[in-house]
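What follows is the content of structure_1.json, which has JSON, C-alpha atoms:
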```json
[["chain", "number", "residue", "atom", "x", "y", "z"],
["Y", 483, "MET", "CA", -24.55, 8.31, 6.47],
["Y", 484, "GLU", "CA", -27.12, 9.48, 3.92],
["Y", 485, "ASN", "CA", -24.79, 8.37, 1.11],
["Y", 486, "ILE", "CA", -24.55, 4.89, 2.62],
["Y", 487, "ILE", "CA", -28.34, 4.63, 2.96],
["Y", 488, "ALA", "CA", -28.79, 5.85, -0.59],
["Y", 489, "TRP", "CA", -26.22, 3.33, -1.85],
["Y", 490, "PHE", "CA", -27.92, 0.50, 0.06],
["Y", 491, "ASP", "CA", -31.38, 1.49, -1.21],
["Y", 492, "GLY", "CA", -30.04, 1.52, -4.75],
["Y", 493, "LEU", "CA", -28.93, -2.10, -4.65],
["Y", 494, "GLU", "CA", -30.92, -4.86, -6.25],
["Y", 495, "PRO", "CA", -33.20, -6.60, -3.70],
["Y", 496, "ALA", "CA", -31.26, -9.88, -3.68],
["Y", 497, "LEU", "CA", -27.90, -8.14, -3.35],
["Y", 498, "ARG", "CA", -29.36, -5.98, -0.57],
["Y", 499, "ILE", "CA", -30.21, -9.18, 1.32],
["Y", 500, "TYR", "CA", -26.68, -10.54, 0.95],
["Y", 501, "TRP", "CA", -25.18, -7.24, 2.07],
["Y", 502, "GLY", "CA", -27.56, -7.09, 5.03],
["Y", 503, "ILE", "CA", -26.60, -10.59, 6.14],
["Y", 504, "ALA", "CA", -22.89, -9.88, 5.65],
["Y", 505, "ILE", "CA", -22.95, -6.61, 7.61],
["Y", 506, "PHE", "CA", -25.04, -8.00, 10.48],
["Y", 507, "ALA", "CA", -23.00, -11.22, 10.78],
["Y", 508, "SER", "CA", -19.73, -9.28, 10.59],
["Y", 509, "LEU", "CA", -20.78, -6.94, 13.41],
["Y", 510, "VAL", "CA", -21.84, -9.85, 15.63],
["Y", 511, "PHE", "CA", -18.63, -11.71, 14.76],
["Y", 512, "VAL", "CA", -16.50, -8.73, 15.77],
["Y", 513, "ILE", "CA", -18.42, -8.37, 19.05],
["Y", 514, "GLN", "CA", -18.03, -12.10, 19.78],
["Y", 515, "THR", "CA", -14.31, -11.92, 19.06],
["Y", 516, "ILE", "CA", -13.84, -8.93, 21.37],
["Y", 517, "LEU", "CA", -15.81, -10.67, 24.15],
["Y", 518, "THR", "CA", -13.69, -13.79, 23.70],
["Y", 519, "PHE", "CA", -10.45, -11.86, 24.07],
["Y", 520, "ILE", "CA", -11.63, -10.07, 27.22],
["Y", 521, "GLY", "CA", -12.80, -13.36, 28.70],
["Y", 522, "ILE", "CA", -16.57, -12.96, 28.60],
["Y", 523, "GLY", "CA", -18.54, -15.93, 27.32],
["Y", 524, "ASP", "CA", -22.04, -17.28, 27.10],
["Y", 525, "THR", "CA", -23.46, -20.76, 27.01],
["Y", 526, "ASP", "CA", -26.01, -22.08, 24.57],
["Y", 527, "GLY", "CA", -28.29, -24.10, 26.79],
["Y", 528, "GLY", "CA", -29.91, -25.77, 23.80],
["Y", 529, "ASP", "CA", -26.77, -26.64, 21.90],
["Y", 530, "VAL", "CA", -26.47, -30.10, 20.43],
["Y", 531, "ASP", "CA", -23.06, -31.52, 21.22],
["Y", 532, "ALA", "CA", -21.26, -32.80, 18.13],
["Y", 533, "GLY", "CA", -18.83, -34.82, 20.22],
["Y", 534, "TYR", "CA", -16.18, -32.17, 20.58],
["Y", 535, "GLY", "CA", -17.30, -30.51, 23.83],
["Y", 536, "ALA", "CA", -14.54, -29.07, 25.95],
["Y", 537, "ASP", "CA", -15.64, -30.87, 29.10],
["Y", 538, "GLY", "CA", -17.17, -33.91, 27.46],
["Y", 539, "ASP", "CA", -20.58, -33.46, 29.07],
["Y", 540, "GLY", "CA", -22.26, -31.47, 26.31],
["Y", 541, "ASN", "CA", -22.13, -28.16, 28.18],
["Y", 542, "GLY", "CA", -19.60, -26.21, 26.22],
["Y", 543, "ASP", "CA", -19.01, -22.48, 26.33],
["Y", 544, "THR", "CA", -19.79, -21.03, 22.93],
["Y", 545, "MET", "CA", -17.42, -18.13, 23.41],
["Y", 546, "ASP", "CA", -14.25, -20.08, 24.14],
["Y", 547, "THR", "CA", -12.27, -22.63, 22.17],
["Y", 548, "GLY", "CA", -14.09, -25.56, 23.73],
["Y", 549, "GLY", "CA", -17.64, -24.48, 22.93],
["Y", 550, "ALA", "CA", -16.76, -23.22, 19.48],
["Y", 551, "ILE", "CA", -15.85, -26.77, 18.48],
["Y", 552, "GLN", "CA", -19.45, -27.89, 19.03],
["Y", 553, "LEU", "CA", -21.46, -27.87, 15.83],
["Y", 554, "PHE", "CA", -24.76, -26.18, 16.77],
["Y", 555, "THR", "CA", -23.77, -23.00, 18.59],
["Y", 556, "ILE", "CA", -24.59, -19.33, 18.23],
["Y", 557, "ARG", "CA", -21.01, -18.73, 17.13],
["Y", 558, "ASN", "CA", -21.21, -21.28, 14.33],
["Y", 559, "PHE", "CA", -24.57, -19.94, 13.16],
["Y", 560, "ILE", "CA", -22.93, -16.51, 12.91],
["Y", 561, "ASN", "CA", -19.98, -18.05, 11.05],
["Y", 562, "PHE", "CA", -22.45, -19.69, 8.65],
["Y", 563, "PHE", "CA", -24.29, -16.44, 7.91],
["Y", 564, "LEU", "CA", -20.96, -14.65, 7.65],
["Y", 565, "GLY", "CA", -20.03, -17.03, 4.83],
["Y", 566, "VAL", "CA", -23.47, -16.82, 3.20],
["Y", 567, "GLY", "CA", -23.52, -13.02, 3.22],
["Y", 568, "TRP", "CA", -20.00, -12.44, 1.97],
["Y", 569, "GLY", "CA", -20.24, -15.37, -0.45],
["Y", 570, "GLY", "CA", -23.31, -13.77, -2.04],
["Y", 571, "VAL", "CA", -21.67, -10.34, -2.17],
["Y", 572, "CYS", "CA", -18.35, -11.59, -3.58],
["Y", 573, "PHE", "CA", -19.86, -13.82, -6.28],
["Y", 574, "TRP", "CA", -22.69, -11.45, -7.25],
["Y", 575, "ASN", "CA", -20.92, -10.14, -10.35],
["Y", 576, "THR", "CA", -19.53, -13.58, -11.25],
["Y", 577, "ILE", "CA", -22.61, -15.80, -11.03],
["Y", 578, "SER", "CA", -25.69, -14.48, -12.81],
["Y", 579, "ASN", "CA", -28.01, -17.38, -11.98],
["Y", 580, "PRO", "CA", -29.69, -16.48, -8.64],
["Y", 581, "LEU", "CA", -30.26, -20.12, -7.62],
["Y", 582, "LEU", "CA", -26.66, -21.05, -8.36],
["Y", 583, "LEU", "CA", -25.49, -17.96, -6.47],
["Y", 584, "ALA", "CA", -27.63, -18.93, -3.48],
["Y", 585, "LEU", "CA", -26.16, -22.45, -3.58],
["Y", 586, "VAL", "CA", -22.61, -21.09, -3.72],
["Y", 587, "ALA", "CA", -23.39, -18.71, -0.83],
["Y", 588, "LEU", "CA", -24.73, -21.62, 1.26],
["Y", 589, "ILE", "CA", -21.67, -23.73, 0.46],
["Y", 590, "THR", "CA", -19.47, -20.79, 1.45],
["Y", 591, "GLY", "CA", -21.32, -20.58, 4.76],
["Y", 592, "VAL", "CA", -20.74, -24.29, 5.42],
["Y", 593, "LEU", "CA", -17.07, -23.86, 4.52],
["Y", 594, "PHE", "CA", -16.78, -20.96, 6.97],
["Y", 595, "VAL", "CA", -18.17, -23.16, 9.75],
["Y", 596, "GLY", "CA", -15.78, -25.97, 8.83],
["Y", 597, "ILE", "CA", -12.78, -23.64, 8.74],
["Y", 598, "PHE", "CA", -13.60, -22.13, 12.14],
["Y", 599, "ILE", "CA", -14.21, -25.55, 13.70],
["Y", 600, "PHE", "CA", -10.85, -26.72, 12.33],
["Y", 601, "MET", "CA", -9.06, -23.60, 13.60],
["Y", 602, "PHE", "CA", -10.58, -23.83, 17.08],
["Y", 603, "SER", "CA", -9.88, -27.58, 17.29],
["Y", 604, "LYS", "CA", -6.20, -26.80, 16.61],
["Y", 605, "LEU", "CA", -6.26, -24.06, 19.26],
["Y", 606, "ARG", "CA", -7.87, -26.49, 21.68],
["Y", 607, "HIS", "CA", -5.16, -29.04, 20.92],
["Y", 608, "LEU", "CA", -2.48, -26.44, 21.65],
["Y", 609, "GLU", "CA", -4.27, -25.55, 24.87],
["Y", 610, "HIS", "CA", -4.20, -29.17, 26.00],
["Y", 611, "THR", "CA", -0.57, -29.53, 24.94],
["Y", 612, "ALA", "CA", 0.35, -26.45, 26.95],
["Y", 613, "SER", "CA", -1.30, -27.87, 30.07],
["Y", 614, "TYR", "CA", 0.77, -30.16, 32.25],
["Y", 615, "ASP", "CA", 0.69, -32.28, 35.38],
["Y", 616, "PRO", "CA", 3.50, -31.44, 37.86],
["Y", 617, "GLN", "CA", 3.55, -35.13, 38.83],
["Y", 618, "ASP", "CA", 5.11, -35.80, 35.42],
["Y", 619, "ALA", "CA", 8.21, -33.91, 36.59],
["Y", 620, "VAL", "CA", 8.94, -36.21, 39.53],
["Y", 621, "GLY", "CA", 12.31, -37.91, 39.09],
["Y", 622, "GLN", "CA", 13.53, -35.46, 36.45],
["Y", 623, "ILE", "CA", 16.55, -33.18, 36.61],
["Y", 624, "ALA", "CA", 15.72, -29.48, 36.56],
["Y", 625, "ASP", "CA", 17.53, -26.13, 36.65],
["Y", 626, "VAL", "CA", 16.98, -23.65, 39.47],
["Y", 627, "TYR", "CA", 15.53, -20.50, 37.91],
["Y", 628, "LEU", "CA", 14.95, -18.45, 41.07],
["Y", 629, "ARG", "CA", 17.06, -19.15, 44.17],
["Y", 630, "ILE", "CA", 15.52, -21.73, 46.51],
["Y", 631, "PRO", "CA", 16.05, -20.90, 50.22],
["Y", 632, "ALA", "CA", 17.33, -23.63, 52.54],
["Y", 633, "ALA", "CA", 15.15, -25.84, 54.78],
["Y", 634, "ARG", "CA", 11.84, -24.77, 53.21],
["Y", 635, "GLU", "CA", 12.28, -21.21, 54.48],
["Y", 636, "GLY", "CA", 11.05, -19.82, 51.18],
["Y", 637, "VAL", "CA", 9.98, -20.73, 47.68],
["Y", 638, "GLY", "CA", 12.05, -20.52, 44.53],
["Y", 639, "LYS", "CA", 11.46, -21.71, 41.01],
["Y", 640, "VAL", "CA", 12.84, -24.40, 38.75],
["Y", 641, "GLN", "CA", 12.64, -24.89, 35.01],
["Y", 642, "THR", "CA", 11.83, -28.39, 33.83],
["Y", 643, "PRO", "CA", 10.61, -29.92, 30.56],
["Y", 644, "ILE", "CA", 7.03, -31.26, 30.82],
["Y", 645, "ALA", "CA", 4.64, -32.18, 27.99],
["Y", 646, "GLY", "CA", 7.07, -31.02, 25.35],
["Y", 647, "SER", "CA", 7.71, -27.55, 26.76],
["Y", 648, "VAL", "CA", 9.80, -26.00, 29.52],
["Y", 649, "GLN", "CA", 7.73, -25.03, 32.57],
["Y", 650, "GLU", "CA", 8.63, -22.75, 35.48],
["Y", 651, "ILE", "CA", 7.33, -24.29, 38.71],
["Y", 652, "ALA", "CA", 7.58, -23.23, 42.34],
["Y", 653, "ALA", "CA", 10.01, -25.34, 44.36],
["Y", 654, "VAL", "CA", 11.33, -25.81, 47.89],
["Y", 655, "THR", "CA", 14.13, -27.92, 49.39],
["Y", 656, "ASP", "CA", 14.86, -29.58, 52.72],
["Y", 657, "GLY", "CA", 18.58, -29.12, 52.27],
["Y", 658, "GLU", "CA", 20.92, -26.20, 51.75],
["Y", 659, "GLN", "CA", 20.14, -23.11, 49.72],
["Y", 660, "LEU", "CA", 20.14, -23.73, 45.98],
["Y", 661, "PRO", "CA", 21.30, -20.75, 43.91],
["Y", 662, "SER", "CA", 20.12, -20.03, 40.36],
["Y", 663, "GLY", "CA", 21.58, -22.40, 37.80],
["Y", 664, "THR", "CA", 21.94, -25.34, 40.18],
["Y", 665, "LYS", "CA", 20.97, -28.75, 38.85],
["Y", 666, "VAL", "CA", 18.34, -30.38, 41.08],
["Y", 667, "ARG", "CA", 16.38, -33.61, 41.17],
["Y", 668, "ILE", "CA", 12.62, -33.37, 41.63],
["Y", 669, "LEU", "CA", 11.52, -35.63, 44.50],
["Y", 670, "GLU", "CA", 7.77, -35.05, 44.80],
["Y", 671, "VAL", "CA", 4.91, -32.60, 44.43],
["Y", 672, "ILE", "CA", 3.77, -30.98, 47.66],
["Y", 673, "GLY", "CA", 1.15, -28.41, 48.55],
["Y", 674, "ASN", "CA", -0.31, -26.37, 45.73],
["Y", 675, "ASN", "CA", 1.74, -27.60, 42.75],
["Y", 676, "THR", "CA", 5.04, -26.96, 44.52],
["Y", 677, "LEU", "CA", 8.00, -29.27, 43.89],
["Y", 678, "LEU", "CA", 10.29, -30.66, 46.55],
["Y", 679, "VAL", "CA", 13.80, -30.83, 45.13],
["Y", 680, "GLU", "CA", 17.33, -31.74, 46.16],
["Y", 681, "LYS", "CA", 20.70, -30.95, 44.67],
["Y", 682, "ALA", "CA", 21.44, -33.38, 41.86]]
```

Kindly transcribe the structure held in the file into structure tokens.
Amino acid sequence: MENIIAWFDGLEPALRIYWGIAIFASLVFVIQTILTFIGIGDTDGGDVDAGYGADGDGNGDTMDTGGAIQLFTIRNFINFFLGVGWGGVCFWNTISNPLLLALVALITGVLFVGIFIFMFSKLRHLEHTASYDPQDAVGQIADVYLRIPAAREGVGKVQTPIAGSVQEIAAVTDGEQLPSGTKVRILEVIGNNTLLVEKA
């Protein structure tokens, strides 16, 4: 630890600033990422919606894919300083002019924000693509995945293509038992996203 402190104290003042920003922003970024993966988020009450809010009402969660697509969020400020800090550190030995270096570091920060917004917008698109409406399956032919008991005496599952991907959805039937692999026609959606099917 003493060696690290001595190394940090031995840096030039400007480089020390870049390293400080880079280390602080990196630590916060790692913490944010961990919180995102374990499902804990926070909301920036004062965020300005850039038109990409997850729910369209300007109240996005800054820790999930929806809120991260907003422009003025805590996450994007951290991304900006992450780019500034590491941009200054990486280009320190390449660019000798301090003003030019500061400009490059700022541009790097803006690029970091742009890259993360682009990445999260793609993730958000995949999230929407993965979502589906069971009503879209009505009228389609599906395959029984888990046996469906006769006369609605139990619930099985069918596999059916919806929104470009195959979904497994709970299903019941009014007719005879439908074993796995049976082709069925989806008649309607009943109850809590359960399909009513009949043998095709």

Problem set entry | Length of the atom CA of Trp489 of chain Y to atom CA of Ile577 of chain Y vector [Å] | 21.5 Å

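The space separating atom CA of Lys681 of chain Y from atom CA of Gly657 of chain Y comes to 8.1 Å.
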
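Relative to atom CA of Gly570 of chain Y, atom CA of Lys604 of chain Y is found at 28.5 Å.
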
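The shell of residues at most 7 Å from Ala633 of chain Y, with all atoms listed in the file counted and near chain neighbours (fewer than 2 positions) removed, consists of Pro631, Glu635, Thr655, Asp656, Gly657 and Glu658 of chain Y.
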
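The smallest atom-to-atom distance between Ala624 of chain Y and any of Y:Leu593, Y:Met483, Y:Ile668, Y:Leu581, using all atoms listed in the file, is found for Y:Ile668.
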
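Nearest-residue note for Val512 of chain Y: choosing from Y:Val595, Y:Leu564, Y:Asp491, Y:Leu497, the minimum distance belongs to Y:Leu564, counting only C-alpha atoms.
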
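Taking all atoms listed in the file into account, Arg629 of chain Y lies nearest to Y:Val654 out of the set Y:Ile505, Y:Leu605, Y:Val654, Y:Leu585.
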